[in-house]
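Data file: coords.cif. Format and content: mmCIF, C-alpha atoms.
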```
data_coords
#
loop_
_atom_site.label_atom_id
_atom_site.label_comp_id
_atom_site.auth_asym_id
_atom_site.auth_seq_id
_atom_site.Cartn_x
_atom_site.Cartn_y
_atom_site.Cartn_z
CA MET A 462 11.09 17.38 6.65
CA SER A 463 9.40 14.12 7.59
CA THR A 464 10.49 11.90 10.48
CA PRO A 465 9.82 8.19 11.05
CA ALA A 466 6.84 9.14 13.23
CA THR A 467 5.32 11.31 10.50
CA PRO A 468 2.60 9.42 8.64
CA ALA A 469 2.21 9.16 4.90
CA VAL A 470 -0.94 10.07 2.95
CA LEU A 471 -3.01 7.67 0.84
CA TYR A 472 -5.41 8.74 -1.90
CA PRO A 473 -7.86 5.85 -1.46
CA LEU A 474 -10.04 6.00 -4.60
CA GLN A 475 -9.61 5.54 -8.35
CA PRO A 476 -9.22 9.07 -9.73
CA ASP A 477 -10.95 10.24 -12.90
CA HIS A 478 -8.28 12.93 -13.33
CA PRO A 479 -4.93 13.76 -11.69
CA GLU A 480 -6.31 17.07 -10.43
CA LEU A 481 -8.50 15.13 -8.01
CA VAL A 482 -5.33 13.90 -6.30
CA ALA A 483 -3.69 17.34 -6.23
CA PRO A 484 -5.06 18.33 -2.77
CA PHE A 485 -3.45 15.20 -1.33
CA ALA A 486 -0.13 15.95 -3.05
CA ALA A 487 -0.33 19.53 -1.78
CA LEU A 488 -0.91 18.24 1.75
CA VAL A 489 2.18 16.03 1.57
CA GLN A 490 4.22 18.94 0.27
CA SER A 491 3.02 21.47 2.85
CA SER A 492 2.87 19.23 5.92
CA GLY A 493 6.06 17.21 5.53
CA ALA A 494 4.07 13.98 5.38
CA ARG A 495 6.26 11.05 4.51
CA ARG A 496 4.87 10.06 1.10
CA LEU A 497 1.90 10.17 -1.25
CA TRP A 498 0.50 6.72 -1.98
CA LEU A 499 -1.91 5.75 -4.75
CA CYS A 500 -3.91 2.55 -5.06
CA GLN A 501 -4.31 0.49 -8.19
CA SER A 502 -6.66 2.40 -10.45
CA PHE A 503 -8.55 1.27 -13.51
CA LYS A 504 -9.44 4.87 -14.31
CA ALA A 505 -6.42 7.18 -14.45
CA GLU A 506 -3.29 4.99 -14.32
CA PRO A 507 -1.34 5.58 -11.06
CA HIS A 508 2.17 6.01 -12.50
CA GLN A 509 0.88 8.56 -14.99
CA VAL A 510 -1.10 10.40 -12.31
CA LEU A 511 2.01 10.69 -10.13
CA ALA A 512 4.11 11.83 -13.09
CA HIS A 513 1.48 14.47 -13.93
CA LEU A 514 1.52 15.75 -10.35
CA SER A 515 5.30 15.98 -10.42
CA GLY A 516 5.10 18.03 -13.62
CA ALA A 517 2.58 20.29 -11.86
CA GLY A 518 5.15 21.04 -9.15
CA TYR A 519 4.31 18.43 -6.52
CA ASP A 520 7.70 16.76 -6.19
CA VAL A 521 7.11 14.48 -3.21
CA PRO A 522 8.06 10.89 -2.37
CA VAL A 523 5.47 8.49 -3.79
CA GLY A 524 4.32 4.90 -3.63
CA THR A 525 1.91 2.49 -5.31
CA SER A 526 -0.20 0.36 -2.99
CA VAL A 527 -0.35 -1.93 -4.85
CA SER A 528 -0.05 -2.40 -8.61
CA VAL A 529 -1.71 -5.62 -9.73
CA MET A 530 1.01 -7.89 -11.12
CA PRO A 531 -0.72 -9.44 -14.17
CA LEU A 532 -1.27 -5.95 -15.65
CA ARG A 533 2.41 -5.60 -16.54
CA HIS A 534 5.45 -7.74 -17.21
CA PRO A 535 8.25 -7.38 -14.63
CA TYR A 536 10.42 -5.61 -17.21
CA GLU A 537 7.71 -3.00 -17.79
CA ALA A 538 7.13 -2.76 -14.04
CA ALA A 539 10.78 -1.94 -13.37
CA HIS A 540 10.83 0.47 -16.30
CA GLN A 541 7.75 2.31 -15.00
CA ALA A 542 9.04 2.48 -11.42
CA ARG A 543 12.42 3.94 -12.29
CA SER A 544 10.86 6.34 -14.80
CA LEU A 545 8.72 7.66 -11.95
CA ALA A 546 11.81 8.01 -9.75
CA LEU A 547 13.54 9.90 -12.57
CA LEU A 548 10.63 12.26 -13.22
CA THR A 549 9.88 13.07 -9.59
CA GLY A 550 13.47 13.11 -8.41
CA GLN A 551 12.06 11.56 -5.22
CA PRO A 552 12.16 8.09 -3.63
CA VAL A 553 9.56 5.64 -4.93
CA VAL A 554 8.01 2.55 -3.37
CA ALA A 555 6.84 0.33 -6.20
CA GLY A 556 4.34 -2.02 -4.57
CA TYR A 557 2.93 -5.10 -6.26
CA GLY A 558 0.19 -7.59 -5.41
CA ILE A 559 -1.42 -10.60 -7.00
CA GLY A 560 -4.99 -9.32 -7.38
CA THR A 561 -8.03 -11.57 -7.13
CA PRO A 562 -7.95 -15.05 -8.68
CA ASP A 563 -10.79 -14.10 -11.05
CA PHE A 564 -8.92 -11.05 -12.31
CA VAL A 565 -5.69 -13.00 -12.76
CA ALA A 566 -7.60 -15.61 -14.76
CA ALA A 567 -9.25 -12.93 -16.89
CA LEU A 568 -5.81 -11.63 -17.93
CA THR A 569 -3.68 -14.77 -18.01
CA GLY A 570 -6.15 -17.62 -18.55
CA GLU A 571 -6.00 -19.11 -15.05
CA PRO A 572 -5.32 -18.05 -11.46
CA TYR A 573 -1.83 -18.34 -10.05
CA LYS A 574 -1.45 -21.91 -8.79
CA SER A 575 1.11 -20.63 -6.29
CA PRO A 576 0.62 -16.94 -5.48
CA ARG A 577 3.72 -16.95 -3.30
CA THR A 578 5.88 -18.26 -6.16
CA ALA A 579 4.39 -15.67 -8.50
CA VAL A 580 5.22 -12.86 -6.07
CA ARG A 581 8.69 -14.19 -5.27
CA ASP A 582 9.65 -14.51 -8.94
CA TYR A 583 8.10 -11.19 -9.95
CA LEU A 584 9.70 -9.11 -7.20
CA THR A 585 13.07 -10.79 -7.67
CA SER A 586 13.09 -9.92 -11.36
CA VAL A 587 11.98 -6.32 -10.75
CA ARG A 588 14.57 -5.80 -7.99
CA ASP A 589 17.38 -7.29 -10.09
CA LEU A 590 16.47 -5.13 -13.09
CA LEU A 591 16.43 -2.00 -10.94
CA ASP A 592 19.85 -2.99 -9.59
CA GLY A 593 21.23 -3.07 -13.13
CA LYS A 594 21.49 -6.83 -13.34
CA ALA A 595 20.88 -8.98 -16.39
CA VAL A 596 17.93 -11.25 -15.59
CA ASP A 597 17.59 -14.73 -17.06
CA HIS A 598 14.38 -16.22 -15.69
CA ALA A 599 12.10 -18.89 -17.11
CA GLY A 600 9.46 -19.67 -14.50
CA PRO A 601 5.81 -20.65 -14.48
CA TYR A 602 4.54 -17.07 -14.44
CA HIS A 603 6.93 -15.01 -16.56
CA HIS A 604 9.88 -15.32 -18.91
CA LEU A 605 12.65 -12.74 -18.98
CA ASP A 606 16.09 -12.60 -20.57
CA ALA A 607 17.08 -8.93 -20.58
CA ARG A 608 18.42 -5.99 -18.62
CA LEU A 609 17.45 -2.31 -18.40
CA LEU A 610 19.63 0.31 -20.02
CA PRO A 611 21.65 2.32 -17.46
CA LEU A 612 19.82 5.33 -15.99
CA ASP A 613 20.49 7.52 -12.95
CA HIS A 614 17.37 8.01 -10.83
CA ALA A 615 16.15 8.41 -7.25
CA PRO A 616 15.97 5.26 -5.10
CA VAL A 617 13.23 2.70 -5.74
CA GLU A 618 12.08 0.22 -3.10
CA VAL A 619 10.15 -2.84 -4.26
CA GLY A 620 7.12 -3.70 -2.14
CA ALA A 621 4.79 -6.67 -1.78
CA GLY A 622 1.17 -6.59 -0.70
CA VAL A 623 0.88 -8.69 2.47
CA LEU A 624 -2.14 -9.77 4.50
CA ARG A 625 -1.31 -13.18 5.95
CA PRO A 626 1.80 -14.91 7.35
CA GLY A 627 2.49 -17.06 4.28
CA MET A 628 2.87 -14.07 1.98
CA ALA A 629 4.74 -12.24 4.74
CA ARG A 630 7.38 -14.97 4.71
CA THR A 631 7.72 -14.59 0.95
CA ALA A 632 7.97 -10.82 1.28
CA GLY A 633 10.64 -11.34 3.93
CA GLU A 634 12.70 -13.22 1.35
CA VAL A 635 12.54 -10.72 -1.52
CA ALA A 636 10.78 -7.41 -0.75
CA ASP A 637 12.15 -4.11 0.47
CA VAL A 638 8.75 -3.15 1.88
CA ALA A 639 5.79 -5.22 3.08
CA ILE A 640 2.59 -3.27 2.39
CA THR A 641 -0.42 -4.15 4.55
CA TRP A 642 -4.05 -2.97 4.63
CA MET A 643 -6.44 -2.97 7.58
CA THR A 644 -4.07 -5.10 9.68
CA PRO A 645 -4.55 -4.35 13.41
CA PRO A 646 -1.41 -3.54 15.44
CA ALA A 647 -1.39 -6.75 17.45
CA TYR A 648 -1.75 -8.81 14.27
CA VAL A 649 1.19 -7.00 12.68
CA ARG A 650 3.28 -7.60 15.81
CA ASP A 651 2.32 -11.22 16.48
CA ALA A 652 1.69 -12.67 13.00
CA LEU A 653 3.25 -10.59 10.23
CA VAL A 654 6.52 -9.28 11.68
CA PRO A 655 7.68 -12.74 12.87
CA ALA A 656 6.87 -14.18 9.43
CA LEU A 657 8.78 -11.36 7.72
CA GLU A 658 11.73 -12.06 9.99
CA ASP A 659 11.53 -15.80 9.25
CA GLY A 660 11.55 -15.14 5.52
CA ALA A 661 14.47 -12.74 5.73
CA ARG A 662 16.44 -15.18 7.87
CA ALA A 663 15.76 -18.07 5.49
CA ALA A 664 17.00 -15.98 2.56
CA GLY A 665 20.12 -14.87 4.43
CA ARG A 666 19.09 -11.24 4.46
CA PRO A 667 20.42 -8.94 7.19
CA ALA A 668 17.02 -7.48 8.12
CA ARG A 669 13.32 -7.88 7.45
CA PRO A 670 11.55 -5.56 4.99
CA ARG A 671 10.11 -2.30 6.22
CA VAL A 672 6.38 -2.45 6.98
CA ALA A 673 4.02 0.16 5.50
CA THR A 674 0.43 -0.11 6.71
CA ALA A 675 -2.67 1.68 5.44
CA VAL A 676 -4.84 2.67 8.41
CA HIS A 677 -8.38 4.02 8.08
CA VAL A 678 -8.71 7.26 10.05
CA ALA A 679 -11.53 9.67 10.90
CA VAL A 680 -11.51 12.56 13.34
CA ALA A 681 -14.47 12.54 15.73
CA ARG A 682 -16.49 15.68 14.97
CA PRO A 683 -19.95 16.88 16.03
CA GLY A 684 -22.60 15.20 13.91
CA ARG A 685 -20.21 12.69 12.31
CA ASP A 686 -21.45 9.10 12.50
CA LEU A 687 -18.21 7.18 12.97
CA ARG A 688 -19.82 3.76 12.46
CA ARG A 689 -21.18 4.92 9.11
CA VAL A 690 -17.77 6.32 8.20
CA ALA A 691 -16.06 3.04 9.20
CA LEU A 692 -18.37 0.92 7.03
CA ALA A 693 -18.13 3.33 4.09
CA GLY A 694 -14.35 3.20 4.14
CA ALA A 695 -13.80 -0.49 4.79
CA GLY A 696 -16.94 -2.00 3.28
CA GLU A 697 -15.59 -2.92 -0.15
CA HIS A 698 -12.55 -4.66 1.28
CA LEU A 699 -14.71 -6.61 3.70
CA LYS A 700 -16.33 -8.26 0.68
CA GLY A 701 -12.99 -9.85 -0.19
CA PRO A 702 -12.58 -13.31 1.41
CA HIS A 703 -8.85 -12.72 2.02
CA TYR A 704 -9.54 -9.54 3.99
CA ALA A 705 -12.32 -11.15 6.03
CA ASP A 706 -10.06 -14.14 6.75
CA MET A 707 -7.21 -11.90 7.86
CA LEU A 708 -9.45 -9.90 10.18
CA ARG A 709 -10.88 -13.04 11.77
CA ARG A 710 -7.34 -14.35 12.31
CA ALA A 711 -6.64 -11.03 14.00
CA GLY A 712 -9.61 -11.50 16.32
CA VAL A 713 -11.82 -8.91 14.60
CA PRO A 714 -15.34 -10.40 14.34
CA VAL A 715 -16.62 -9.20 10.97
CA GLY A 716 -19.83 -10.63 9.58
CA ASP A 717 -23.27 -9.89 8.19
CA ASP A 718 -24.35 -7.51 10.97
CA PRO A 719 -23.24 -4.01 9.87
CA ALA A 720 -23.54 -2.48 13.35
CA ALA A 721 -21.47 -5.24 14.95
CA THR A 722 -18.89 -5.11 12.16
CA ALA A 723 -18.54 -1.33 12.49
CA ALA A 724 -18.09 -1.68 16.25
CA ALA A 725 -15.43 -4.35 15.73
CA LEU A 726 -13.51 -2.22 13.21
CA LEU A 727 -13.51 0.72 15.61
CA GLY A 728 -12.76 -1.36 18.69
CA HIS A 729 -9.72 -3.11 17.19
CA SER A 730 -8.11 0.03 15.69
CA VAL A 731 -8.77 -1.13 12.12
CA VAL A 732 -10.51 2.24 11.78
CA VAL A 733 -8.85 4.73 14.13
CA THR A 734 -10.99 7.59 15.42
CA GLY A 735 -11.01 10.26 18.13
CA THR A 736 -9.43 13.67 18.43
CA PRO A 737 -6.31 14.24 16.30
CA GLY A 738 -4.22 13.74 19.45
CA GLU A 739 -5.99 10.50 20.32
CA ILE A 740 -5.52 9.24 16.76
CA ALA A 741 -1.81 10.08 16.95
CA GLU A 742 -1.59 7.99 20.14
CA ARG A 743 -3.31 5.04 18.45
CA LEU A 744 -1.01 5.32 15.45
CA ALA A 745 1.93 5.10 17.84
CA GLU A 746 0.62 1.63 18.71
CA TYR A 747 1.14 0.64 15.07
CA ARG A 748 4.73 1.88 15.18
CA ALA A 749 5.33 0.02 18.44
CA ALA A 750 4.00 -3.13 16.74
CA GLY A 751 6.65 -2.89 14.01
CA VAL A 752 5.04 -0.64 11.39
CA ASP A 753 7.70 1.63 9.91
CA GLU A 754 5.39 3.78 7.78
CA VAL A 755 1.73 4.48 8.54
CA MET A 756 -0.43 5.56 5.60
CA LEU A 757 -3.42 7.67 6.58
CA ASN A 758 -6.43 6.30 4.69
CA PRO A 759 -9.38 8.73 4.87
CA ALA A 760 -11.64 6.69 2.58
CA GLY A 761 -14.67 6.72 4.88
CA VAL A 762 -14.63 10.48 5.36
CA MET A 763 -13.92 11.08 1.69
CA LEU A 764 -16.84 8.92 0.58
CA THR A 765 -19.31 10.41 3.06
CA GLU A 766 -18.21 14.05 3.23
CA GLY A 767 -15.83 14.75 0.36
CA VAL A 768 -12.21 15.60 -0.35
CA ARG A 769 -11.98 18.77 1.74
CA ALA A 770 -13.15 17.02 4.89
CA ALA A 771 -10.69 14.18 4.29
CA VAL A 772 -7.76 16.57 3.78
CA ASP A 773 -8.73 18.56 6.89
CA ASP A 774 -8.71 15.37 8.97
CA MET A 775 -5.29 14.31 7.72
CA GLU A 776 -3.80 17.76 8.16
CA GLU A 777 -4.84 17.80 11.82
CA ILE A 778 -3.63 14.22 12.40
CA ILE A 779 -0.23 14.91 10.81
CA ALA A 780 0.17 18.00 13.01
CA ALA A 781 -0.73 15.96 16.10
CA CYS A 782 1.87 13.34 15.16
CA GLY A 783 4.50 16.06 15.30
#
```
For the file at hand, write its structure as structure tokens.
Amino acid sequence: MSTPATPAVLYPLQPDHPELVAPFAALVQSSGARRLWLCQSFKAEPHQVLAHLSGAGYDVPVGTSVSVMPLRHPYEAAHQARSLALLTGQPVVAGYGIGTPDFVAALTGEPYKSPRTAVRDYLTSVRDLLDGKAVDHAGPYHHLDARLLPLDHAPVEVGAGVLRPGMARTAGEVADVAITWMTPPAYVRDALVPALEDGARAAGRPARPRVATAVHVAVARPGRDLRRVALAGAGEHLKGPHYADMLRRAGVPVGDDPAATAAALLGHSVVVTGTPGEIAERLAEYRAAGVDEVMLNPAGVMLTEGVRAAVDDMEEIIAACG
């Protein structure tokens, strides 16, 4: 049985086959980790991977972090999310994000002129559909005049990908969960949580959304180069201007010098390392900053040493978190 202090597990890559994710699902099942999260994948589709794993006997809480909105209409998004909740019999976090402007334009013809409006309208429609409401929406980014047929299923929370305060305010208005990546604890506490609270207050909601944060982790082991692991895990995201901007706002000096960037990621707890006990202590800093669910992201270890090493790290960290 998981507790609020128990972290969740993130499979950080795009799987070629559901069986590649099975060791992560098995870890969640055996350790009592809070949830199994999958990223957007353009190989095996995440909802189908999670349904496959459920059929293989891994009935664990799951989440998507995050599905790219232009890939599916809000009606299809709600349909997929509740189908997953039905098949697993477990709570689902259905997370959505806008994607890059180039990818949005490739699918829809042009980038979202107002990403916050796109997210607000999308999540509102998905949440209303899941609540059994008839939705009549004609906005700049989708049209919808329909409702879902009644269906009993496990609970579904609707999440929004959040990196900066503007989107956090929007998530505060409409999301059940704010999903963040590589956001240092102090930045969550000082920038994102106040914006979530502002958005919730403006919308007349009783509380802000929960915060779920993906945190890169790597146990310090003999012969393991933690700077190499940090860059391997975070390197692709650092190429994204929105991630680099967020980190600079958070006081993390990322740039063209790999050694300095690796040191900054490690020094600001963007990549958390040490013994399992030391990592558990650093993860407690995230919870103290307002993070309700920590996702262990072992991308760096997985890319440099393989799945078994990544699972071993997470197993030890989960045990240390108690």
Residues selected by the PyMOL selection byres ((chain A and resi 715) around 10), written as a count of residues only: 20
Ground truth for the PyMOL selection byres ((chain A and resi 738-748) around 9), written as JSON, numbers by chain: {"A": [466, 468, 645, 646, 647, 649, 650, 674, 676, 678, 679, 680, 730, 733, 734, 735, 736, 737, 749, 750, 751, 752, 753, 754, 755, 777, 778, 779, 780, 781, 782, 783]}
Explicit residue set for the PyMOL selection byres ((chain A and resi 652) around 10), as a PyMOL selection string: chain A and resi 624-627+629+646-651+653-657+710-711
Atom-to-atom span, CA of Met756 in chain A and CA of Leu471 in chain A, Å: 5.8 Å
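Across the structure, CA of Asp563 in chain A and CA of Leu474 in chain A are spaced 21.1 Å apart.
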Pick from A:His603, A:Arg608, A:Arg630, A:Arg769, whichever lies nearest to Ala579 in chain A using only C-alpha atoms: A:His603
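Coordinates place CA of Val510 in chain A at a distance of 22.3 Å from CA of Val762 in chain A.
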Find the residues near Leu590 in chain A: any atom within 12 Å, counting all atoms listed in the file, skip ones fewer than 2 places away on the same chain, and give them as a PDB file with C-alpha atoms, in the frame of the given file.
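Okay, around12.pdb is ready:
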```
ATOM      1  CA  PRO A 535       8.250  -7.380 -14.630  1.00  0.00           C
ATOM      2  CA  TYR A 536      10.420  -5.610 -17.210  1.00  0.00           C
ATOM      3  CA  GLU A 537       7.710  -3.000 -17.790  1.00  0.00           C
ATOM      4  CA  ALA A 538       7.130  -2.760 -14.040  1.00  0.00           C
ATOM      5  CA  ALA A 539      10.780  -1.940 -13.370  1.00  0.00           C
ATOM      6  CA  HIS A 540      10.830   0.470 -16.300  1.00  0.00           C
ATOM      7  CA  GLN A 541       7.750   2.310 -15.000  1.00  0.00           C
ATOM      8  CA  ALA A 542       9.040   2.480 -11.420  1.00  0.00           C
ATOM      9  CA  ARG A 543      12.420   3.940 -12.290  1.00  0.00           C
ATOM     10  CA  TYR A 583       8.100 -11.190  -9.950  1.00  0.00           C
ATOM     11  CA  LEU A 584       9.700  -9.110  -7.200  1.00  0.00           C
ATOM     12  CA  THR A 585      13.070 -10.790  -7.670  1.00  0.00           C
ATOM     13  CA  SER A 586      13.090  -9.920 -11.360  1.00  0.00           C
ATOM     14  CA  VAL A 587      11.980  -6.320 -10.750  1.00  0.00           C
ATOM     15  CA  ARG A 588      14.570  -5.800  -7.990  1.00  0.00           C
ATOM     16  CA  ASP A 592      19.850  -2.990  -9.590  1.00  0.00           C
ATOM     17  CA  GLY A 593      21.230  -3.070 -13.130  1.00  0.00           C
ATOM     18  CA  LYS A 594      21.490  -6.830 -13.340  1.00  0.00           C
ATOM     19  CA  ALA A 595      20.880  -8.980 -16.390  1.00  0.00           C
ATOM     20  CA  VAL A 596      17.930 -11.250 -15.590  1.00  0.00           C
ATOM     21  CA  ASP A 597      17.590 -14.730 -17.060  1.00  0.00           C
ATOM     22  CA  HIS A 598      14.380 -16.220 -15.690  1.00  0.00           C
ATOM     23  CA  LEU A 605      12.650 -12.740 -18.980  1.00  0.00           C
ATOM     24  CA  ASP A 606      16.090 -12.600 -20.570  1.00  0.00           C
ATOM     25  CA  ALA A 607      17.080  -8.930 -20.580  1.00  0.00           C
ATOM     26  CA  ARG A 608      18.420  -5.990 -18.620  1.00  0.00           C
ATOM     27  CA  LEU A 609      17.450  -2.310 -18.400  1.00  0.00           C
ATOM     28  CA  LEU A 610      19.630   0.310 -20.020  1.00  0.00           C
ATOM     29  CA  PRO A 611      21.650   2.320 -17.460  1.00  0.00           C
ATOM     30  CA  LEU A 612      19.820   5.330 -15.990  1.00  0.00           C
ATOM     31  CA  VAL A 617      13.230   2.700  -5.740  1.00  0.00           C
ATOM     32  CA  VAL A 619      10.150  -2.840  -4.260  1.00  0.00           C
TER      33      VAL A 619
END
```
From (7.1, 14.7, 5.5), in the file's coordinates, out to 12 Å: which residues are reached, counting only C-alpha atoms? Answer as a PDB file with C-alpha atoms, in the frame of the given file.
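After the write, part25.pdb holds the following:
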```pdb
ATOM      1  CA  MET A 462      11.090  17.380   6.650  1.00  0.00           C
ATOM      2  CA  SER A 463       9.400  14.120   7.590  1.00  0.00           C
ATOM      3  CA  THR A 464      10.490  11.900  10.480  1.00  0.00           C
ATOM      4  CA  PRO A 465       9.820   8.190  11.050  1.00  0.00           C
ATOM      5  CA  ALA A 466       6.840   9.140  13.230  1.00  0.00           C
ATOM      6  CA  THR A 467       5.320  11.310  10.500  1.00  0.00           C
ATOM      7  CA  PRO A 468       2.600   9.420   8.640  1.00  0.00           C
ATOM      8  CA  ALA A 469       2.210   9.160   4.900  1.00  0.00           C
ATOM      9  CA  VAL A 470      -0.940  10.070   2.950  1.00  0.00           C
ATOM     10  CA  ALA A 486      -0.130  15.950  -3.050  1.00  0.00           C
ATOM     11  CA  ALA A 487      -0.330  19.530  -1.780  1.00  0.00           C
ATOM     12  CA  LEU A 488      -0.910  18.240   1.750  1.00  0.00           C
ATOM     13  CA  VAL A 489       2.180  16.030   1.570  1.00  0.00           C
ATOM     14  CA  GLN A 490       4.220  18.940   0.270  1.00  0.00           C
ATOM     15  CA  SER A 491       3.020  21.470   2.850  1.00  0.00           C
ATOM     16  CA  SER A 492       2.870  19.230   5.920  1.00  0.00           C
ATOM     17  CA  GLY A 493       6.060  17.210   5.530  1.00  0.00           C
ATOM     18  CA  ALA A 494       4.070  13.980   5.380  1.00  0.00           C
ATOM     19  CA  ARG A 495       6.260  11.050   4.510  1.00  0.00           C
ATOM     20  CA  ARG A 496       4.870  10.060   1.100  1.00  0.00           C
ATOM     21  CA  LEU A 497       1.900  10.170  -1.250  1.00  0.00           C
ATOM     22  CA  ASP A 520       7.700  16.760  -6.190  1.00  0.00           C
ATOM     23  CA  VAL A 521       7.110  14.480  -3.210  1.00  0.00           C
ATOM     24  CA  PRO A 522       8.060  10.890  -2.370  1.00  0.00           C
ATOM     25  CA  VAL A 523       5.470   8.490  -3.790  1.00  0.00           C
ATOM     26  CA  GLU A 754       5.390   3.780   7.780  1.00  0.00           C
ATOM     27  CA  VAL A 755       1.730   4.480   8.540  1.00  0.00           C
ATOM     28  CA  MET A 756      -0.430   5.560   5.600  1.00  0.00           C
ATOM     29  CA  GLU A 776      -3.800  17.760   8.160  1.00  0.00           C
ATOM     30  CA  ILE A 779      -0.230  14.910  10.810  1.00  0.00           C
ATOM     31  CA  ALA A 780       0.170  18.000  13.010  1.00  0.00           C
ATOM     32  CA  CYS A 782       1.870  13.340  15.160  1.00  0.00           C
ATOM     33  CA  GLY A 783       4.500  16.060  15.300  1.00  0.00           C
TER      34      GLY A 783
END
```
Neighbour list for Ala546 in chain A as JSON, numbers by chain, cut-off 10 Å, all atoms listed in the file, skip fewer than 2 positions in-chain: {"A": [512, 522, 523, 541, 542, 543, 544, 548, 549, 550, 551, 552, 553, 554, 555, 613, 614, 615, 616, 617]}
Selected residues, C-alpha atoms, written as a PDB file, in the coordinates of the input, please.
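Saved to selection-v9.pdb:
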```pdb
ATOM      1  CA  ALA A 512       4.110  11.830 -13.090  1.00  0.00           C
ATOM      2  CA  PRO A 522       8.060  10.890  -2.370  1.00  0.00           C
ATOM      3  CA  VAL A 523       5.470   8.490  -3.790  1.00  0.00           C
ATOM      4  CA  GLN A 541       7.750   2.310 -15.000  1.00  0.00           C
ATOM      5  CA  ALA A 542       9.040   2.480 -11.420  1.00  0.00           C
ATOM      6  CA  ARG A 543      12.420   3.940 -12.290  1.00  0.00           C
ATOM      7  CA  SER A 544      10.860   6.340 -14.800  1.00  0.00           C
ATOM      8  CA  LEU A 548      10.630  12.260 -13.220  1.00  0.00           C
ATOM      9  CA  THR A 549       9.880  13.070  -9.590  1.00  0.00           C
ATOM     10  CA  GLY A 550      13.470  13.110  -8.410  1.00  0.00           C
ATOM     11  CA  GLN A 551      12.060  11.560  -5.220  1.00  0.00           C
ATOM     12  CA  PRO A 552      12.160   8.090  -3.630  1.00  0.00           C
ATOM     13  CA  VAL A 553       9.560   5.640  -4.930  1.00  0.00           C
ATOM     14  CA  VAL A 554       8.010   2.550  -3.370  1.00  0.00           C
ATOM     15  CA  ALA A 555       6.840   0.330  -6.200  1.00  0.00           C
ATOM     16  CA  ASP A 613      20.490   7.520 -12.950  1.00  0.00           C
ATOM     17  CA  HIS A 614      17.370   8.010 -10.830  1.00  0.00           C
ATOM     18  CA  ALA A 615      16.150   8.410  -7.250  1.00  0.00           C
ATOM     19  CA  PRO A 616      15.970   5.260  -5.100  1.00  0.00           C
ATOM     20  CA  VAL A 617      13.230   2.700  -5.740  1.00  0.00           C
TER      21      VAL A 617
END
```
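The smallest atom-to-atom distance between Ala517 in chain A and any of A:Arg581, A:Ser502, A:Pro479, A:Glu618, using all atoms listed in the file, is found for A:Pro479.
Take the candidates A:Thr765, A:Thr641, A:Thr561, A:Ser575 and check each one against His703 in chain A using only C-alpha atoms; the shortest distance goes to A:Thr561.
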Mind giving me the axis-aligned box for range 638-654 of chain A with 5 Å on every side, centre plus edges in Å to one decimal, as AutoDock Vina command-line options?
```
--center_x 1.2 --center_y -7.8 --center_z 9.7 --size_x 25.2 --size_y 19.7 --size_z 25.6
```
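Using only C-alpha atoms, the nearest neighbour of Pro572 in chain A within the list A:Gly556, A:Gly524, A:Pro601, A:Pro683 is A:Pro601.
Here the question is which of A:Val768, A:Asp773, A:Phe503, A:Ala681 gets nearest to Val482 in chain A using all atoms listed in the file, and that residue is A:Val768.
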